[in-house]
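The next block is run.cif, given as mmCIF, C-alpha atoms.
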data_entry
loop_
_atom_site.label_atom_id
_atom_site.label_comp_id
_atom_site.auth_asym_id
_atom_site.auth_seq_id
_atom_site.Cartn_x
_atom_site.Cartn_y
_atom_site.Cartn_z
CA MET T 1154 40.15 -35.39 -50.79
CA THR T 1155 37.87 -38.28 -51.74
CA LYS T 1156 38.29 -39.81 -48.29
CA ALA T 1157 37.76 -36.38 -46.70
CA ILE T 1158 34.43 -35.92 -48.49
CA GLU T 1159 33.28 -39.38 -47.44
CA SER T 1160 34.21 -38.65 -43.81
CA THR T 1161 32.36 -35.34 -43.95
CA VAL T 1162 29.22 -37.10 -45.24
CA ARG T 1163 29.53 -39.65 -42.40
CA GLU T 1164 29.93 -36.87 -39.83
CA VAL T 1165 26.92 -35.00 -41.17
CA ILE T 1166 24.77 -38.15 -40.94
CA ARG T 1167 26.03 -38.75 -37.39
CA ASP T 1168 25.42 -35.15 -36.26
CA VAL T 1169 22.09 -34.52 -37.98
CA LEU T 1170 20.45 -37.89 -37.35
CA GLY T 1171 22.06 -38.49 -33.98
CA VAL T 1172 23.23 -42.00 -34.91
CA SER T 1173 26.29 -43.35 -33.12
CA GLN T 1174 29.82 -43.10 -34.48
CA ALA T 1175 30.07 -46.91 -34.43
CA ARG T 1176 26.92 -47.26 -36.50
CA VAL T 1177 27.90 -44.65 -39.06
CA ASP T 1178 31.43 -46.14 -39.31
CA GLY T 1179 29.75 -49.35 -40.41
CA PHE T 1180 28.06 -47.68 -43.40
CA THR T 1181 29.18 -48.99 -46.81
CA ALA T 1182 28.35 -47.71 -50.29
CA SER T 1183 25.29 -49.98 -50.38
CA THR T 1184 23.88 -49.05 -46.95
CA ALA T 1185 20.30 -47.95 -47.71
CA LEU T 1186 19.32 -44.47 -46.49
CA PHE T 1187 15.98 -42.82 -47.37
CA GLY T 1188 13.11 -45.19 -46.71
CA SER T 1189 15.33 -47.57 -44.70
CA LEU T 1190 16.96 -45.44 -42.05
CA PRO T 1191 14.10 -44.60 -39.64
CA GLU T 1192 15.80 -41.39 -38.47
CA LEU T 1193 15.81 -40.02 -42.02
CA ASP T 1194 12.34 -38.48 -42.36
CA SER T 1195 11.51 -35.55 -44.63
CA MET T 1196 12.54 -33.00 -42.02
CA ALA T 1197 15.86 -34.78 -41.53
CA VAL T 1198 16.47 -34.86 -45.30
CA ALA T 1199 16.14 -31.06 -45.40
CA ASN T 1200 18.56 -30.71 -42.49
CA LEU T 1201 21.02 -33.18 -43.96
CA LEU T 1202 21.18 -31.28 -47.27
CA THR T 1203 21.58 -27.89 -45.61
CA GLU T 1204 24.28 -29.14 -43.26
CA LEU T 1205 26.17 -30.68 -46.21
CA GLU T 1206 26.03 -27.26 -47.87
CA ASP T 1207 27.48 -25.58 -44.78
CA ARG T 1208 30.32 -28.04 -44.34
CA LEU T 1209 31.30 -28.50 -47.97
CA GLY T 1210 30.63 -24.91 -49.06
CA ILE T 1211 28.28 -26.03 -51.85
CA ILE T 1212 24.75 -25.11 -52.96
CA ILE T 1213 22.32 -27.94 -53.73
CA ASP T 1214 19.42 -27.11 -56.07
CA ASP T 1215 16.09 -28.65 -55.16
CA ASP T 1216 15.79 -30.28 -58.60
CA GLU T 1217 19.06 -32.14 -57.95
CA VAL T 1218 17.42 -33.88 -55.01
CA ASP T 1219 16.11 -37.24 -56.21
CA GLY T 1220 15.87 -40.86 -55.18
CA ASP T 1221 19.33 -41.75 -56.49
CA MET T 1222 21.27 -39.40 -54.24
CA LEU T 1223 19.39 -40.47 -51.12
CA ASP T 1224 18.96 -44.17 -51.89
CA ASP T 1225 22.16 -45.31 -50.31
CA PHE T 1226 25.32 -43.99 -48.67
CA GLY T 1227 27.37 -44.50 -51.85
CA GLY T 1228 24.91 -42.36 -53.85
CA LEU T 1229 25.11 -39.51 -51.37
CA VAL T 1230 28.92 -39.56 -51.33
CA ARG T 1231 29.00 -39.64 -55.17
CA PHE T 1232 26.64 -36.68 -55.27
CA ALA T 1233 28.81 -34.67 -52.85
CA LYS T 1234 31.96 -35.43 -54.82
CA ALA T 1235 30.32 -34.44 -58.11
CA LYS T 1236 29.14 -31.15 -56.57
CA LEU T 1237 32.66 -30.30 -55.41
CA LYS T 1238 34.11 -31.00 -58.85
CA ALA T 1239 31.52 -28.85 -60.61
CA MET Z 386 11.86 -19.63 -13.19
CA GLY Z 387 8.80 -18.31 -14.98
CA ASP Z 388 7.73 -14.74 -15.65
CA HIS Z 389 5.84 -12.90 -18.35
CA TYR Z 390 5.54 -9.73 -20.39
CA ILE Z 391 2.55 -8.17 -22.10
CA TRP Z 392 2.46 -7.66 -25.86
CA ASN Z 393 -0.63 -6.58 -27.78
CA GLY Z 394 -2.76 -7.27 -24.74
CA ALA Z 395 -1.57 -10.88 -24.44
CA LYS Z 396 0.63 -12.43 -21.76
CA GLU Z 397 3.81 -13.95 -23.20
CA HIS Z 398 5.97 -16.28 -21.15
CA VAL Z 399 9.57 -15.48 -20.13
CA LEU Z 400 12.03 -18.05 -18.78
CA ARG Z 401 14.43 -16.42 -16.29
CA PHE Z 402 17.51 -17.42 -14.33
CA GLY Z 403 19.60 -15.38 -11.89
CA ASP Z 404 19.18 -12.12 -9.98
CA PRO Z 405 16.94 -9.59 -11.81
CA GLY Z 406 19.16 -6.81 -10.45
CA ALA Z 407 22.25 -8.22 -12.17
CA PRO Z 408 23.50 -7.31 -15.66
CA THR Z 409 21.01 -8.94 -18.01
CA VAL Z 410 21.55 -11.09 -21.09
CA LEU Z 411 18.47 -11.50 -23.31
CA PHE Z 412 18.35 -14.72 -25.35
CA ILE Z 413 16.59 -15.03 -28.70
CA GLN Z 414 15.82 -18.57 -29.84
CA PRO Z 415 16.10 -19.89 -33.38
CA PHE Z 416 12.83 -19.84 -35.33
CA PHE Z 417 10.35 -22.71 -35.65
CA GLU Z 418 11.54 -26.30 -35.20
CA GLU Z 419 15.13 -25.24 -34.52
CA ALA Z 420 13.92 -23.56 -31.32
CA ASN Z 421 12.82 -26.93 -29.91
CA ARG Z 422 16.06 -28.59 -30.90
CA MET Z 423 18.15 -25.87 -29.25
CA ARG Z 424 16.02 -25.44 -26.12
CA ARG Z 425 18.15 -27.65 -23.86
CA VAL Z 426 21.40 -26.12 -25.05
CA ILE Z 427 20.14 -22.55 -24.59
CA VAL Z 428 18.67 -23.26 -21.14
CA SER Z 429 21.96 -24.88 -20.04
CA VAL Z 430 23.88 -21.77 -21.18
CA MET Z 431 21.38 -19.54 -19.31
CA ARG Z 432 21.89 -21.51 -16.09
CA ALA Z 433 25.67 -21.22 -16.48
CA LEU Z 434 25.37 -17.45 -16.94
CA ALA Z 435 23.20 -17.19 -13.83
CA ASP Z 436 25.87 -19.14 -11.92
CA ALA Z 437 28.42 -16.59 -13.17
CA GLY Z 438 26.36 -13.75 -11.67
CA TYR Z 439 24.22 -12.65 -14.61
CA HIS Z 440 20.47 -12.42 -15.14
CA ALA Z 441 19.49 -14.54 -18.17
CA VAL Z 442 16.07 -14.14 -19.81
CA LEU Z 443 14.37 -15.95 -22.69
CA PRO Z 444 11.04 -14.46 -23.83
CA ASP Z 445 8.56 -16.44 -25.94
CA LEU Z 446 7.97 -14.59 -29.20
CA PRO Z 447 4.23 -14.13 -29.92
CA GLY Z 448 2.86 -17.30 -31.54
CA THR Z 449 5.66 -19.53 -30.22
CA GLY Z 450 6.26 -21.59 -27.07
CA GLU Z 451 3.43 -21.13 -24.60
CA SER Z 452 1.98 -18.13 -26.42
CA GLN Z 453 -1.77 -18.07 -26.94
CA THR Z 454 -1.37 -15.90 -30.03
CA ARG Z 455 -1.83 -17.85 -33.29
CA LEU Z 456 1.35 -18.18 -35.35
CA ASP Z 457 -0.60 -17.74 -38.61
CA GLN Z 458 -1.52 -14.23 -37.50
CA ILE Z 459 2.04 -13.17 -36.80
CA GLY Z 460 4.34 -11.03 -38.93
CA LEU Z 461 7.97 -10.10 -38.45
CA GLU Z 462 6.96 -6.68 -37.11
CA ASP Z 463 5.11 -8.42 -34.26
CA TRP Z 464 8.28 -10.22 -33.23
CA ARG Z 465 10.40 -7.08 -33.55
CA GLY Z 466 7.82 -5.05 -31.65
CA ALA Z 467 7.47 -7.63 -28.87
CA LEU Z 468 11.23 -7.81 -28.49
CA ARG Z 469 11.61 -4.02 -28.45
CA SER Z 470 8.88 -3.71 -25.86
CA TYR Z 471 10.19 -6.47 -23.59
CA ALA Z 472 13.83 -5.34 -23.88
CA SER Z 473 12.89 -1.80 -22.85
CA SER Z 474 11.50 -3.21 -19.59
CA LEU Z 475 14.94 -4.59 -18.62
CA PRO Z 476 16.84 -1.88 -16.71
CA LYS Z 477 20.20 -3.67 -16.84
CA LEU Z 478 20.12 -5.10 -20.36
CA THR Z 479 23.77 -5.64 -21.28
CA CYS Z 480 23.86 -7.96 -24.26
CA VAL Z 481 21.59 -9.94 -26.55
CA ALA Z 482 22.58 -13.52 -27.41
CA SER Z 483 20.74 -14.77 -30.49
CA PHE Z 484 20.81 -18.14 -32.17
CA ARG Z 485 20.42 -18.95 -35.87
CA ALA Z 486 17.54 -16.98 -37.48
CA GLY Z 487 16.96 -15.25 -34.12
CA SER Z 488 19.82 -12.98 -35.23
CA LEU Z 489 17.55 -11.50 -37.91
CA ILE Z 490 15.69 -9.52 -35.25
CA ASP Z 491 18.27 -9.03 -32.47
CA ASP Z 492 18.76 -5.34 -33.32
CA ALA Z 493 15.11 -4.66 -32.40
CA SER Z 494 16.12 -5.14 -28.76
CA GLY Z 495 18.11 -1.90 -28.87
CA ALA Z 496 20.90 -3.62 -26.89
CA ALA Z 497 24.35 -2.03 -27.07
CA HIS Z 498 26.10 -5.35 -27.64
CA LEU Z 499 25.13 -8.39 -29.67
CA TRP Z 500 26.43 -11.96 -29.73
CA ARG Z 501 25.32 -14.40 -32.45
CA CYS Z 502 25.52 -18.17 -32.66
CA SER Z 503 25.58 -19.45 -36.24
CA PRO Z 504 23.39 -16.62 -37.62
CA GLU Z 505 21.24 -17.65 -40.57
CA THR Z 506 19.81 -15.59 -43.43
CA GLY Z 507 16.07 -15.59 -43.94
CA ALA Z 508 16.54 -17.00 -47.45
CA ARG Z 509 18.34 -20.07 -46.13
CA LEU Z 510 15.82 -20.57 -43.35
CA VAL Z 511 12.92 -20.47 -45.80
CA ARG Z 512 14.74 -22.79 -48.20
CA ASP Z 513 15.28 -25.26 -45.36
CA LEU Z 514 11.56 -25.15 -44.52
CA MET Z 515 10.56 -25.51 -48.19
CA ARG Z 516 12.89 -28.48 -48.55
CA THR Z 517 10.86 -30.53 -46.11
CA ARG Z 518 8.24 -30.55 -48.89
CA LEU Z 519 10.57 -32.34 -51.31
CA THR Z 520 10.16 -35.70 -49.67
CA SER Z 521 6.83 -35.42 -47.86
CA ALA Z 522 3.17 -35.32 -48.80
CA GLN Z 523 1.97 -31.74 -48.90
CA ASN Z 524 -0.90 -30.27 -46.99
CA GLN Z 525 -3.18 -28.05 -49.00
CA ASP Z 526 -2.13 -24.42 -48.58
CA ALA Z 527 -4.79 -21.88 -47.75
CA GLU Z 528 -5.02 -18.73 -49.84
CA ASP Z 529 -2.83 -16.54 -47.68
CA THR Z 530 -0.90 -19.06 -45.55
CA LEU Z 531 1.72 -21.74 -46.18
CA ASP Z 532 2.13 -24.97 -44.25
CA LEU Z 533 5.88 -25.31 -43.76
CA ALA Z 534 7.19 -28.23 -41.74
CA GLY Z 535 4.14 -28.13 -39.50
CA ASN Z 536 4.04 -24.34 -39.12
CA ARG Z 537 1.14 -22.43 -40.65
CA LEU Z 538 2.66 -19.11 -41.67
CA ARG Z 539 1.30 -16.07 -43.46
CA LYS Z 540 2.68 -15.85 -47.00
CA SER Z 541 3.56 -12.20 -46.41
CA PHE Z 542 5.59 -13.31 -43.36
CA VAL Z 543 7.48 -15.94 -45.38
CA ASP Z 544 8.13 -13.40 -48.16
CA ALA Z 545 9.46 -10.84 -45.68
CA LEU Z 546 11.59 -13.48 -43.95
CA SER Z 547 13.19 -14.62 -47.18
CA THR Z 548 14.67 -11.17 -47.87
CA MET Z 549 16.20 -10.67 -44.42
CA THR Z 550 19.84 -10.92 -43.44
CA PRO Z 551 21.28 -10.48 -39.93
CA PRO Z 552 21.64 -6.68 -39.57
CA ALA Z 553 24.99 -4.92 -39.22
CA HIS Z 554 25.82 -3.59 -35.74
CA THR Z 555 28.63 -1.58 -34.16
CA SER Z 556 29.29 -4.04 -31.33
CA LEU Z 557 28.83 -7.56 -32.59
CA ARG Z 558 30.55 -10.92 -32.17
CA THR Z 559 29.70 -13.88 -34.40
CA ALA Z 560 30.39 -17.47 -33.32
CA ARG Z 561 30.13 -20.48 -35.62
CA LEU Z 562 30.96 -24.16 -35.37
CA ALA Z 563 34.45 -25.27 -36.36
CA THR Z 564 32.85 -27.39 -39.11
CA ASP Z 565 31.07 -24.40 -40.72
CA THR Z 566 32.78 -22.83 -43.76
CA ALA Z 567 31.22 -19.36 -43.25
CA ASP Z 568 33.08 -16.39 -41.68
CA ALA Z 569 33.07 -15.90 -37.89
CA ASP Z 570 34.93 -14.15 -35.07
CA VAL Z 571 35.29 -17.37 -33.09
CA ARG Z 572 34.86 -21.10 -33.69
CA LEU Z 573 32.74 -23.23 -31.36
CA ILE Z 574 33.26 -26.89 -30.51
CA GLY Z 575 30.30 -29.24 -30.70
CA THR Z 576 27.61 -30.51 -33.05
CA PRO Z 577 24.90 -28.43 -34.79
CA MET Z 578 22.11 -29.38 -32.37
CA TRP Z 579 19.70 -27.10 -34.30
CA ARG Z 580 19.66 -29.72 -37.06
CA ARG Z 581 19.30 -32.74 -34.79
CA SER Z 582 15.95 -34.47 -35.27
CA GLU Z 583 15.81 -35.60 -31.65
CA PRO Z 584 16.49 -32.76 -29.21
CA GLY Z 585 19.36 -33.50 -26.90
CA ASP Z 586 22.30 -32.28 -24.92
CA ASP Z 587 25.76 -31.41 -26.13
CA GLN Z 588 28.05 -30.43 -23.27
CA ASP Z 589 30.85 -29.40 -25.65
CA LEU Z 590 28.54 -26.96 -27.42
CA VAL Z 591 27.12 -25.63 -24.13
CA GLY Z 592 30.65 -25.18 -22.76
CA SER Z 593 32.08 -23.41 -25.78
CA ILE Z 594 29.05 -21.09 -26.12
CA THR Z 595 29.17 -20.21 -22.41
CA THR Z 596 32.91 -19.50 -22.47
CA ASP Z 597 32.74 -17.22 -25.49
CA LEU Z 598 29.57 -15.42 -24.42
CA LEU Z 599 31.08 -14.67 -20.98
CA TYR Z 600 34.27 -13.45 -22.66
CA TRP Z 601 32.24 -11.10 -24.89
CA ILE Z 602 30.00 -9.75 -22.09
CA ARG Z 603 33.06 -8.99 -19.97
CA ALA Z 604 34.89 -7.37 -22.90
CA CYS Z 605 31.83 -5.20 -23.64
CA ALA Z 606 31.60 -4.10 -20.01
CA LYS Z 607 34.96 -2.35 -20.43
CA TYR Z 608 33.67 0.06 -23.10
#
So that I can check it, write out the structure of this file as structure tokens.
Amino acid sequence: MTKAIESTVREVIRDVLGVSQARVDGFTASTALFGSLPELDSMAVANLLTELEDRLGIIIDDDEVDGDMLDDFGGLVRFAKAKLKA
Amino acid sequence: MGDHYIWNGAKEHVLRFGDPGAPTVLFIQPFFEEANRMRRVIVSVMRALADAGYHAVLPDLPGTGESQTRLDQIGLEDWRGALRSYASSLPKLTCVASFRAGSLIDDASGAAHLWRCSPETGARLVRDLMRTRLTSAQNQDAEDTLDLAGNRLRKSFVDALSTMTPPAHTSLRTARLATDTADADVRLIGTPMWRRSEPGDDQDLVGSITTDLLYWIRACAKY
């Protein structure tokens, strides 16, 4: 399940931001996202969150959205896992 | 091919493919930014339908596309009214194909058969627009309008939108992507191009939409 969530997060980044499979496969927990990935502007953040909701069947509250969850790939995966456990 | 219709005294653009005398499929785009992202996909599907012998039409809603009407003066009733008026001018209207939030107003067309691609509730659409404010500097809102992801919209319009859900209908088929967890009659292959920051092409999505839409139009023709 853990691997499945991580793959889903990768797929969402690939599909929403239009980055290549090879590039997204190279993401590690410490790969920086918001502020570092040029494709990830404020519009893309909104789309990324909504698409994660659709694919994982979760609801993300706006006050859960902070720097930590978008800082790096590891943070986003941790956030998704925590949401699915809750 | 370009054409137009008149709504409220203004000329609104219509994109058309195929023989106007053929059974007609009216397309309704997603709202706001998603319309730009889906433009290529929708136009590719329209061309494929024209090749299959249908007349495919895509009207600009007032305040969108090439419209000279200001978006901040538009309400949902304008879009419903424009759609109703344009649809009634199509003698061979067979089916309406709507995408995303476009499904919120597809019943206004009066078409006997509806087909929906990943229909979206108004609440989710508005939330998506509001979310762009989480990580961006905000423009000052005027008293009766909101600036949402570059669209200046009347507050009354946003309020009305946020309560809407795609209406029930007696002859309706709903298609969603295989990756979507929500209910659907059929699953489409491809990526959610309506979320893609850079508009682009997705031949898998175009192919699976075209196949299912043609299946549905032909099935409806038997009733």
Once the PyMOL selection byres ((chain T and resi 1216-1232) around 8) has been evaluated on this model, what residues remain selected, and can you format them as a ChimeraX atom specification? /T:1158-1159,1162,1180-1188,1213-1215,1233-1236 /Z:519
Box for range 411-422 of chain Z - axis-aligned, 6 Å on each of the six sides, all listed atoms - centre and size in Å to one decimal, as AutoDock Vina command-line options.
--center_x 14.4 --center_y -20.0 --center_z -29.5 --size_x 20.1 --size_y 29.1 --size_z 24.3
Find the residues near Cys605 in chain Z: any atom within 9 Å, counting only C-alpha atoms, skip ones fewer than 6 places away on the same chain, and give them as a list in words.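 Counting only C-alpha atoms, the residues come to Thr479, Cys480, Ala497, His498 and Ser556 of chain Z.
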Mind checking which residues fall within 8 Å of range 440-455 of chain Z, counting all atoms listed in the file, ignoring those fewer than 4 positions away in the same chain, and posting them as number ranges by chain? Z: 389, 392, 395-414, 417, 431-432, 434-435, 459, 463-464, 467-468
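The space separating CA of Gly438 in chain Z from CA of Thr595 in chain Z comes to 12.8 Å.
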Please measure the separation of CA of Asp589 in chain Z and CA of Leu1202 in chain T, giving the value in Å to one decimal.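 Result for CA of Asp589 in chain Z versus CA of Leu1202 in chain T: 23.8 Å, one decimal.
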Nearest-residue call for chain T, choices Z:Gly535, Z:Gly495, Z:Gly460, Z:Gly507, using only C-alpha atoms: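 Closest to chain T, using only C-alpha atoms: Z:Gly535.
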Counting all atoms listed in the file, which residues from chain T have an atom at most 7 Å from any atom of chain Z, and could you show them as a VMD selection string? chain T and resid 1168 to 1171 1195 to 1197 1199 to 1200 1203 1207 to 1208 1210
In Å, how far is it from CA of Val511 in chain Z to CA of Tyr390 in chain Z?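 Between CA of Val511 in chain Z and CA of Tyr390 in chain Z the gap is 28.6 Å.
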Would you kindly return, as JSON, numbers by chain, each protein, DNA or RNA residue with an atom no farther than 6 Å from any atom of range 482-487 of chain Z, considering only C-alpha atoms and excluding same-chain residues fewer than 6 positions away? {"Z": [412, 413, 414, 415, 416, 500, 501, 502, 503, 504, 505]}
Have a look at Z:Ala433, Z:Ala508, Z:Ala606, Z:Val426 and name the one nearest to Leu546 in chain Z; count all atoms listed in the file. Z:Ala508
Can you list, as a PDB file with C-alpha atoms, in the coordinates of the input, the residues that the PyMOL selection byres ((chain Z and resi 591) around 9) selects here?
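Result saved to expr.pdb:
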ATOM      1  CA  VAL Z 426      21.400 -26.120 -25.050  1.00  0.00           C
ATOM      2  CA  ILE Z 427      20.140 -22.550 -24.590  1.00  0.00           C
ATOM      3  CA  SER Z 429      21.960 -24.880 -20.040  1.00  0.00           C
ATOM      4  CA  VAL Z 430      23.880 -21.770 -21.180  1.00  0.00           C
ATOM      5  CA  ALA Z 433      25.670 -21.220 -16.480  1.00  0.00           C
ATOM      6  CA  ILE Z 574      33.260 -26.890 -30.510  1.00  0.00           C
ATOM      7  CA  GLY Z 575      30.300 -29.240 -30.700  1.00  0.00           C
ATOM      8  CA  ASP Z 586      22.300 -32.280 -24.920  1.00  0.00           C
ATOM      9  CA  ASP Z 587      25.760 -31.410 -26.130  1.00  0.00           C
ATOM     10  CA  GLN Z 588      28.050 -30.430 -23.270  1.00  0.00           C
ATOM     11  CA  ASP Z 589      30.850 -29.400 -25.650  1.00  0.00           C
ATOM     12  CA  LEU Z 590      28.540 -26.960 -27.420  1.00  0.00           C
ATOM     13  CA  GLY Z 592      30.650 -25.180 -22.760  1.00  0.00           C
ATOM     14  CA  SER Z 593      32.080 -23.410 -25.780  1.00  0.00           C
ATOM     15  CA  ILE Z 594      29.050 -21.090 -26.120  1.00  0.00           C
ATOM     16  CA  THR Z 595      29.170 -20.210 -22.410  1.00  0.00           C
ATOM     17  CA  THR Z 596      32.910 -19.500 -22.470  1.00  0.00           C
TER      18      THR Z 596
END
Contacts of Ala569 in chain Z at 7 Å or less, counting only C-alpha atoms, minus same-chain residues fewer than 5 places along, as an NGL selection string? :Z and (559-561)
Using the selection just defined, write its residues with C-alpha atoms as a PDB file, in the frame of the given file.
ATOM      1  CA  THR Z 559      29.700 -13.880 -34.400  1.00  0.00           C
ATOM      2  CA  ALA Z 560      30.390 -17.470 -33.320  1.00  0.00           C
ATOM      3  CA  ARG Z 561      30.130 -20.480 -35.620  1.00  0.00           C
TER       4      ARG Z 561
END
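Across Z:Thr548, Z:Thr506, Z:Gln458, Z:Arg558, the tightest approach to Asp529 in chain Z is made by Z:Gln458 when counting all atoms listed in the file.
Comparing the minimum interatomic distances between Val1177 in chain T and each of T:Ala1157, T:Ser1189, T:Arg1163, T:Leu1237, counting only C-alpha atoms, we find that T:Arg1163 sits nearest.
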Take range 1194-1217 of chain T, model N, CA and C atoms, and hand the result over as a tab-separated table (two decimals), keeping the file's coordinate frame.
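Output below, filename rebuild.tsv:
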chain	number	residue	atom	x	y	z
T	1194	ASP	N	13.65	-38.89	-41.86
T	1194	ASP	CA	12.34	-38.48	-42.36
T	1194	ASP	C	12.51	-37.22	-43.21
T	1195	SER	N	11.39	-36.66	-43.68
T	1195	SER	CA	11.51	-35.55	-44.63
T	1195	SER	C	12.16	-34.32	-44.00
T	1196	MET	N	11.89	-34.12	-42.72
T	1196	MET	CA	12.54	-33.00	-42.02
T	1196	MET	C	14.04	-33.23	-41.94
T	1197	ALA	N	14.44	-34.46	-41.64
T	1197	ALA	CA	15.86	-34.78	-41.53
T	1197	ALA	C	16.57	-34.67	-42.87
T	1198	VAL	N	15.87	-35.01	-43.97
T	1198	VAL	CA	16.47	-34.86	-45.30
T	1198	VAL	C	16.84	-33.39	-45.53
T	1199	ALA	N	15.90	-32.50	-45.22
T	1199	ALA	CA	16.14	-31.06	-45.40
T	1199	ALA	C	17.36	-30.63	-44.60
T	1200	ASN	N	17.44	-31.09	-43.36
T	1200	ASN	CA	18.56	-30.71	-42.49
T	1200	ASN	C	19.89	-31.29	-42.97
T	1201	LEU	N	19.82	-32.51	-43.46
T	1201	LEU	CA	21.02	-33.18	-43.96
T	1201	LEU	C	21.60	-32.40	-45.16
T	1202	LEU	N	20.72	-32.00	-46.07
T	1202	LEU	CA	21.18	-31.28	-47.27
T	1202	LEU	C	21.78	-29.93	-46.88
T	1203	THR	N	21.11	-29.22	-45.98
T	1203	THR	CA	21.58	-27.89	-45.61
T	1203	THR	C	22.90	-27.98	-44.85
T	1204	GLU	N	23.04	-28.99	-44.00
T	1204	GLU	CA	24.28	-29.14	-43.26
T	1204	GLU	C	25.43	-29.53	-44.19
T	1205	LEU	N	25.15	-30.35	-45.20
T	1205	LEU	CA	26.17	-30.68	-46.21
T	1205	LEU	C	26.63	-29.41	-46.93
T	1206	GLU	N	25.69	-28.53	-47.22
T	1206	GLU	CA	26.03	-27.26	-47.87
T	1206	GLU	C	26.98	-26.45	-47.00
T	1207	ASP	N	26.65	-26.36	-45.70
T	1207	ASP	CA	27.48	-25.58	-44.78
T	1207	ASP	C	28.88	-26.14	-44.70
T	1208	ARG	N	29.00	-27.46	-44.60
T	1208	ARG	CA	30.32	-28.04	-44.34
T	1208	ARG	C	31.17	-28.17	-45.58
T	1209	LEU	N	30.52	-28.34	-46.74
T	1209	LEU	CA	31.30	-28.50	-47.97
T	1209	LEU	C	31.39	-27.20	-48.76
T	1210	GLY	N	30.63	-26.17	-48.33
T	1210	GLY	CA	30.63	-24.91	-49.06
T	1210	GLY	C	30.02	-25.04	-50.44
T	1211	ILE	N	28.95	-25.84	-50.56
T	1211	ILE	CA	28.28	-26.03	-51.85
T	1211	ILE	C	26.83	-25.55	-51.76
T	1212	ILE	N	26.18	-25.41	-52.91
T	1212	ILE	CA	24.75	-25.11	-52.96
T	1212	ILE	C	24.07	-26.26	-53.70
T	1213	ILE	N	23.05	-26.84	-53.09
T	1213	ILE	CA	22.32	-27.94	-53.73
T	1213	ILE	C	20.98	-27.41	-54.21
T	1214	ASP	N	20.72	-27.53	-55.53
T	1214	ASP	CA	19.42	-27.11	-56.07
T	1214	ASP	C	18.38	-28.17	-55.74
T	1215	ASP	N	17.15	-27.70	-55.51
T	1215	ASP	CA	16.09	-28.65	-55.16
T	1215	ASP	C	15.87	-29.69	-56.26
T	1216	ASP	N	16.05	-29.29	-57.54
T	1216	ASP	CA	15.79	-30.28	-58.60
T	1216	ASP	C	16.94	-31.30	-58.73
T	1217	GLU	N	18.02	-31.11	-57.98
T	1217	GLU	CA	19.06	-32.14	-57.95
T	1217	GLU	C	18.74	-33.23	-56.93
